[in-house]
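Asker: One file: input.csv (CSV, C-alpha atoms).
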```csv
chain,number,residue,atom,x,y,z
F,1275,MET,CA,19.8,-3.3,1.1
F,1276,TYR,CA,19.0,0.3,0.1
F,1277,THR,CA,18.4,2.9,2.8
F,1278,LEU,CA,16.1,5.8,1.8
F,1279,TYR,CA,16.3,9.0,3.8
F,1280,ILE,CA,13.1,11.0,3.7
F,1281,GLY,CA,11.5,14.0,5.3
F,1282,ASN,CA,8.2,14.3,7.1
F,1283,LYS,CA,5.5,12.3,5.4
F,1284,ASN,CA,3.1,15.1,6.0
F,1285,TYR,CA,5.1,17.6,4.0
F,1286,SER,CA,7.8,16.0,1.8
F,1287,SER,CA,6.4,15.5,-1.7
F,1288,TRP,CA,10.0,14.9,-3.0
F,1289,SER,CA,10.5,12.0,-0.5
F,1290,LEU,CA,7.2,10.4,-1.5
F,1291,ARG,CA,8.2,9.9,-5.1
F,1292,PRO,CA,11.0,7.3,-4.7
F,1293,TRP,CA,9.3,5.9,-1.5
F,1294,VAL,CA,6.0,5.0,-3.3
F,1295,LEU,CA,7.9,3.7,-6.3
F,1296,MET,CA,10.0,1.4,-4.3
F,1297,ARG,CA,7.0,0.2,-2.3
F,1298,GLU,CA,4.8,-0.4,-5.4
F,1299,LEU,CA,7.6,-2.4,-7.1
F,1300,GLY,CA,8.4,-4.4,-3.9
F,1301,LEU,CA,12.0,-3.1,-3.8
F,1302,PRO,CA,13.3,-3.7,-0.2
F,1303,PHE,CA,14.7,-0.8,1.6
F,1304,LYS,CA,15.2,0.7,5.1
F,1305,GLU,CA,13.4,3.9,5.8
F,1306,ARG,CA,15.1,6.7,7.7
F,1307,LEU,CA,12.9,9.7,8.5
F,1308,LEU,CA,14.7,13.0,9.2
F,1309,PRO,CA,12.0,15.5,10.4
F,1310,PHE,CA,12.1,19.0,9.2
F,1311,GLY,CA,12.8,21.4,12.0
F,1312,ASP,CA,14.0,18.6,14.4
F,1313,PRO,CA,16.7,20.2,16.6
F,1314,THR,CA,18.2,16.8,17.3
F,1315,TRP,CA,19.1,16.3,13.6
F,1316,LYS,CA,21.1,19.1,12.0
F,1317,ASP,CA,23.6,17.5,9.6
F,1318,TYR,CA,21.7,16.5,6.5
F,1319,GLY,CA,25.0,17.0,4.7
F,1320,ALA,CA,26.4,14.0,6.3
F,1321,ILE,CA,24.0,11.9,4.3
F,1322,SER,CA,23.2,13.9,1.2
F,1323,ALA,CA,25.6,16.0,-0.9
F,1324,SER,CA,22.9,18.6,-1.4
F,1325,GLY,CA,22.0,18.6,2.3
F,1326,LYS,CA,18.4,17.7,1.4
F,1327,VAL,CA,16.1,14.7,1.3
F,1328,PRO,CA,15.3,12.3,-0.3
F,1329,CYS,CA,18.6,10.5,-0.5
F,1330,LEU,CA,19.2,6.9,-1.4
F,1331,VAL,CA,22.2,5.1,0.1
F,1332,ASP,CA,23.4,1.9,-1.5
F,1333,GLU,CA,26.3,0.2,0.3
F,1334,GLY,CA,27.7,3.6,1.3
F,1335,PHE,CA,27.1,5.3,-2.1
F,1336,SER,CA,24.6,8.2,-1.9
F,1337,VAL,CA,22.2,9.2,-4.7
F,1338,TRP,CA,20.4,12.5,-4.0
F,1339,ASP,CA,17.5,14.1,-5.9
F,1340,SER,CA,14.4,12.2,-6.6
F,1341,LEU,CA,14.8,11.9,-10.3
F,1342,ALA,CA,18.4,10.7,-10.0
F,1343,ILE,CA,17.3,8.1,-7.4
F,1344,VAL,CA,14.6,6.8,-9.9
F,1345,GLU,CA,17.2,6.5,-12.7
F,1346,TYR,CA,19.6,4.7,-10.4
F,1347,LEU,CA,16.9,2.2,-9.5
F,1348,ALA,CA,16.0,1.9,-13.2
F,1349,GLU,CA,19.4,0.6,-14.1
F,1350,ARG,CA,18.8,-2.3,-11.7
F,1351,GLU,CA,15.0,-2.8,-12.0
F,1352,PRO,CA,13.4,-2.7,-15.5
F,1353,ARG,CA,9.9,-2.2,-14.1
F,1354,VAL,CA,10.7,1.4,-13.1
F,1355,TRP,CA,9.8,2.6,-16.6
F,1356,PRO,CA,7.6,1.1,-19.4
F,1357,VAL,CA,9.2,-1.6,-21.5
F,1358,ASP,CA,8.1,0.0,-24.8
F,1359,ALA,CA,10.6,2.6,-26.0
F,1360,ARG,CA,7.9,5.2,-26.8
F,1361,GLY,CA,6.0,4.6,-23.6
F,1362,ARG,CA,9.3,4.9,-21.7
F,1363,ALA,CA,10.1,8.2,-23.5
F,1364,TRP,CA,6.6,9.6,-22.7
F,1365,ALA,CA,6.7,8.5,-19.1
F,1366,ARG,CA,10.2,10.1,-18.7
F,1367,SER,CA,8.9,13.3,-20.3
F,1368,ALA,CA,5.9,13.4,-17.9
F,1369,ALA,CA,8.1,12.8,-14.9
F,1370,ALA,CA,10.6,15.4,-16.0
F,1371,GLU,CA,7.9,18.0,-16.5
F,1372,MET,CA,6.6,17.4,-13.0
F,1373,HIS,CA,10.2,17.5,-11.6
F,1374,SER,CA,11.0,20.9,-13.1
F,1375,GLY,CA,7.6,22.6,-13.5
F,1376,PHE,CA,4.3,23.4,-12.0
F,1377,ASN,CA,5.8,26.1,-9.8
F,1378,GLU,CA,2.5,27.7,-8.9
F,1379,LEU,CA,1.0,24.5,-7.8
F,1380,ARG,CA,4.0,24.0,-5.5
F,1381,ASN,CA,3.8,27.6,-4.2
F,1382,SER,CA,0.1,27.8,-3.7
F,1383,CYS,CA,-0.6,24.3,-2.6
F,1384,SER,CA,2.4,23.0,-0.6
F,1385,MET,CA,1.9,19.4,0.4
F,1386,ASN,CA,0.3,19.0,3.8
F,1387,CYS,CA,-1.5,15.6,3.9
F,1388,GLY,CA,-3.4,16.2,7.1
F,1389,VAL,CA,-5.3,19.4,6.3
F,1390,ARG,CA,-8.3,20.4,4.2
F,1391,VAL,CA,-8.0,23.9,2.9
F,1392,ARG,CA,-10.3,26.3,1.0
F,1393,LEU,CA,-8.1,28.4,-1.2
F,1394,ASN,CA,-8.2,32.2,-1.0
F,1395,ASN,CA,-8.2,33.9,-4.4
F,1396,PRO,CA,-6.1,31.3,-6.2
F,1397,PRO,CA,-4.0,32.9,-8.9
F,1398,ALA,CA,-4.6,32.3,-12.6
F,1399,ALA,CA,-1.2,30.5,-12.8
F,1400,LEU,CA,-2.5,27.8,-10.5
F,1401,ALA,CA,-5.5,27.2,-12.7
F,1402,ARG,CA,-3.1,26.9,-15.7
F,1403,ASP,CA,-1.0,24.3,-13.8
F,1404,VAL,CA,-4.0,22.3,-12.9
F,1405,GLU,CA,-5.3,22.4,-16.4
F,1406,ARG,CA,-2.0,21.2,-17.8
F,1407,ILE,CA,-1.9,18.3,-15.3
F,1408,GLY,CA,-5.3,17.3,-16.4
F,1409,ALA,CA,-4.4,17.4,-20.0
F,1410,LEU,CA,-1.2,15.4,-19.4
F,1411,TRP,CA,-3.0,12.8,-17.4
F,1412,ASN,CA,-5.7,12.4,-20.0
F,1413,GLU,CA,-3.1,12.0,-22.7
F,1414,GLY,CA,-1.3,9.2,-20.9
F,1415,LEU,CA,-4.5,7.4,-19.9
F,1416,LYS,CA,-5.9,7.5,-23.5
F,1417,ARG,CA,-2.7,6.8,-25.3
F,1418,PHE,CA,-1.7,3.8,-23.1
F,1419,GLY,CA,-5.0,2.5,-22.0
F,1420,GLY,CA,-4.7,3.0,-18.2
F,1421,PRO,CA,-5.3,2.5,-15.4
F,1422,PHE,CA,-1.9,4.1,-14.8
F,1423,LEU,CA,-0.3,7.0,-16.8
F,1424,ALA,CA,1.8,4.8,-19.1
F,1425,GLY,CA,-0.3,1.6,-19.2
F,1426,SER,CA,-1.4,-1.2,-17.0
F,1427,THR,CA,1.3,-1.0,-14.4
F,1428,PHE,CA,2.6,1.6,-11.9
F,1429,THR,CA,5.8,3.3,-13.1
F,1430,ALA,CA,7.9,6.2,-12.1
F,1431,ALA,CA,5.6,8.5,-14.0
F,1432,ASP,CA,2.8,7.7,-11.5
F,1433,ALA,CA,5.2,8.1,-8.6
F,1434,PHE,CA,6.1,11.6,-9.7
F,1435,PHE,CA,2.5,12.6,-9.7
F,1436,ALA,CA,1.5,10.8,-6.5
F,1437,PRO,CA,2.0,14.1,-4.4
F,1438,VAL,CA,-0.4,15.8,-6.8
F,1439,ALA,CA,-3.2,13.4,-5.8
F,1440,LEU,CA,-2.6,14.3,-2.1
F,1441,ARG,CA,-2.7,18.0,-3.0
F,1442,ILE,CA,-6.0,17.5,-4.9
F,1443,GLN,CA,-7.4,16.0,-1.7
F,1444,SER,CA,-6.1,18.7,0.6
F,1445,TYR,CA,-7.0,21.7,-1.4
F,1446,GLY,CA,-10.1,20.5,-3.3
F,1447,LEU,CA,-8.5,21.2,-6.7
F,1448,GLU,CA,-11.0,20.9,-9.6
F,1449,LEU,CA,-10.1,18.6,-12.5
F,1450,ASP,CA,-12.1,16.7,-15.1
F,1451,SER,CA,-13.7,13.4,-14.2
F,1452,ALA,CA,-11.0,11.1,-15.7
F,1453,SER,CA,-8.3,13.0,-13.8
F,1454,HIS,CA,-10.2,12.8,-10.5
F,1455,ALA,CA,-10.6,9.1,-11.1
F,1456,TYR,CA,-6.9,8.6,-11.7
F,1457,ALA,CA,-6.0,10.6,-8.6
F,1458,ALA,CA,-8.5,8.5,-6.6
F,1459,ARG,CA,-6.8,5.3,-7.8
F,1460,LEU,CA,-3.4,6.6,-6.6
F,1461,LEU,CA,-4.8,7.5,-3.2
F,1462,GLN,CA,-6.2,4.0,-2.9
F,1463,LEU,CA,-2.9,2.2,-3.5
F,1464,VAL,CA,-1.8,0.3,-0.4
F,1465,SER,CA,1.5,2.2,-0.4
F,1466,MET,CA,-0.3,5.6,-0.6
F,1467,ARG,CA,-2.6,4.7,2.2
F,1468,GLU,CA,0.3,3.6,4.3
F,1469,TRP,CA,2.1,6.9,3.7
F,1470,TYR,CA,-1.0,8.9,4.4
F,1471,LYS,CA,-1.7,7.0,7.7
F,1472,SER,CA,1.8,7.7,8.9
F,1473,ALA,CA,1.6,11.4,7.8
F,1474,LEU,CA,-1.5,11.8,10.0
F,1475,GLN,CA,0.3,10.2,13.0
F,1476,GLU,CA,3.2,12.6,12.8
F,1477,THR,CA,3.3,15.2,15.6
F,1478,TRP,CA,6.2,17.3,14.2
F,1479,ARG,CA,5.3,20.7,12.9
F,1480,ASP,CA,7.5,22.7,10.7
F,1481,ALA,CA,6.8,26.4,10.9
F,1482,PRO,CA,7.6,27.4,7.3
F,1483,HIS,CA,5.3,24.7,5.9
F,1484,GLU,CA,2.6,25.7,8.3
F,1485,VAL,CA,2.9,29.3,7.3
F,1486,GLU,CA,2.5,28.4,3.6
F,1487,VAL,CA,-0.7,26.6,4.3
F,1488,ALA,CA,-2.1,29.4,6.4
F,1489,ARG,CA,-1.3,31.9,3.6
F,1490,ALA,CA,-3.0,29.6,1.0
F,1491,GLY,CA,-6.4,29.7,2.5
F,1492,ALA,CA,-8.8,28.9,5.3
F,1493,ILE,CA,-8.0,25.6,7.1
F,1494,LEU,CA,-11.3,23.8,7.2
F,1495,GLU,CA,-10.1,20.7,9.0
F,1496,ASP,CA,-6.8,19.4,10.5
F,1497,ARG,CA,-6.8,15.6,10.7
F,1498,ARG,CA,-3.3,15.3,12.2
F,1499,ALA,CA,-2.5,13.9,15.6
F,1500,SER,CA,-1.9,16.6,18.1
```
With the file now loaded, output its structure as structure tokens.

Answerer:
Amino acid sequence: MYTLYIGNKNYSSWSLRPWVLMRELGLPFKERLLPFGDPTWKDYGAISASGKVPCLVDEGFSVWDSLAIVEYLAEREPRVWPVDARGRAWARSAAAEMHSGFNELRNSCSMNCGVRVRLNNPPAALARDVERIGALWNEGLKRFGGPFLAGSTFTAADAFFAPVALRIQSYGLELDSASHAYAARLLQLVSMREWYKSALQETWRDAPHEVEVARAGAILEDRRAS
């Protein structure tokens, strides 16, 4: 059985991607959560060559980086990507763009599931990132007919944008109605509700992540367990 090493569910957008994909596809795995800032766990390098999470371990073989994990799974599970060649290429392009881009969204709106934030003077670059996400989502929904980005079933393309849905919820990001509806569908998935519930129950706090949120804007609500 696979073992998936992840970071805090409240913070770790990179961990969410392979986790939600495996949950949605019903791929069995053991979850190992390694909290950021936990003094009892220091040697991430013993698990992951990069010293970071997520990391998938399959019978002693480690695959690090969320995109590499997805492709490793895809070689064993055809449902990871669309069956149609063009749909598969589009979905891979969308996932790769998310994997390597949208830097201002990451910088201004770091993932923190349990808070609601009013942004202070969001930069123009953030608006451009959000606009591009909306355009990309609308393209996929219209081209492939929805309700997911590349058609009727959840694929890795949706998994890569799952953290964006949580950021929209936390920071009140403005998108068009079709994009908001798609984000809402992601948030209502059983897997996403499970992740979110666990995130709220976490009592760990990682100072760098907390500083990022405080710099982003005014915290209107904190729903996390104390």

Asker: What's the 7 Å shell around range 1427-1430 of chain F, counting only C-alpha atoms, without same-chain residues fewer than 5 positions away, as a list in words?

Answerer: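 Surrounding residues, per the criterion: Leu1295, Arg1353, Val1354, Trp1355, Pro1356 and Phe1422 of chain F.
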
Asker: Could you write out the selected residues, including C-alpha atoms, as a CSV table (one decimal), in the frame of the given file?

Answerer:
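So again.csv came out as:
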```csv
chain,number,residue,atom,x,y,z
F,1295,LEU,CA,7.9,3.7,-6.3
F,1353,ARG,CA,9.9,-2.2,-14.1
F,1354,VAL,CA,10.7,1.4,-13.1
F,1355,TRP,CA,9.8,2.6,-16.6
F,1356,PRO,CA,7.6,1.1,-19.4
F,1422,PHE,CA,-1.9,4.1,-14.8
```

Asker: Residues at most 7 Å from range 1357-1372 of chain F, counting all atoms listed in the file, excluding those fewer than 5 positions away in the same chain, as a PyMOL selection string?

Answerer: chain F and resi 1424+1431+1434

Asker: Can you pull out every residue within 10 Å of Val1331 in chain F, counting all atoms listed in the file, but drop anything in the same chain fewer than 6 positions away, and send it as a VMD selection string?

Answerer: chain F and resid 1275 to 1279 1303 to 1304 1321 to 1322 1337 to 1338 1343

Asker: Taking 3 positions as the minimum chain separation for residues in the same chain, which residues sit within 10 Å of range 1457-1462 of chain F when counting all atoms listed in the file? Answer as a PyMOL selection string.

Answerer: chain F and resi 1411+1421-1422+1428+1432-1433+1435-1443+1449+1451-1454+1465-1470

Asker: Between F:Gly1281, F:Arg1498, F:Asn1386, F:Met1296, which residue has the minimum interatomic distance to Gly1325 in chain F, considering all atoms listed in the file?

Answerer: F:Gly1281

Asker: Considering only C-alpha atoms, can you say which of F:Gly1408, F:Gly1491, F:Gly1334, F:Pro1328 comes closest to Asn1394 in chain F?

Answerer: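 Using only C-alpha atoms, the shortest distance to Asn1394 in chain F belongs to F:Gly1491.
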
Asker: How far is it from CA of Ala1473 in chain F to CA of Ala1499 in chain F, in Å with one decimal?

Answerer: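 Between CA of Ala1473 in chain F and CA of Ala1499 in chain F the gap works out to 9.2 Å.
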
Asker: Tell me, as a count of residues only, which residues lie within 10 Å of Asp1496 in chain F, counting all atoms listed in the file; anything in the same chain fewer than 6 positions away does not count.

Answerer: 8

Asker: Let me make sure I understand: among F:Asn1282, F:Pro1482, F:Ala1490, F:Tyr1456, which one has the smallest atom-to-atom distance to Lys1416 in chain F if we use all atoms listed in the file?

Answerer: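 Result for the nearest residue to Lys1416 in chain F: F:Tyr1456.
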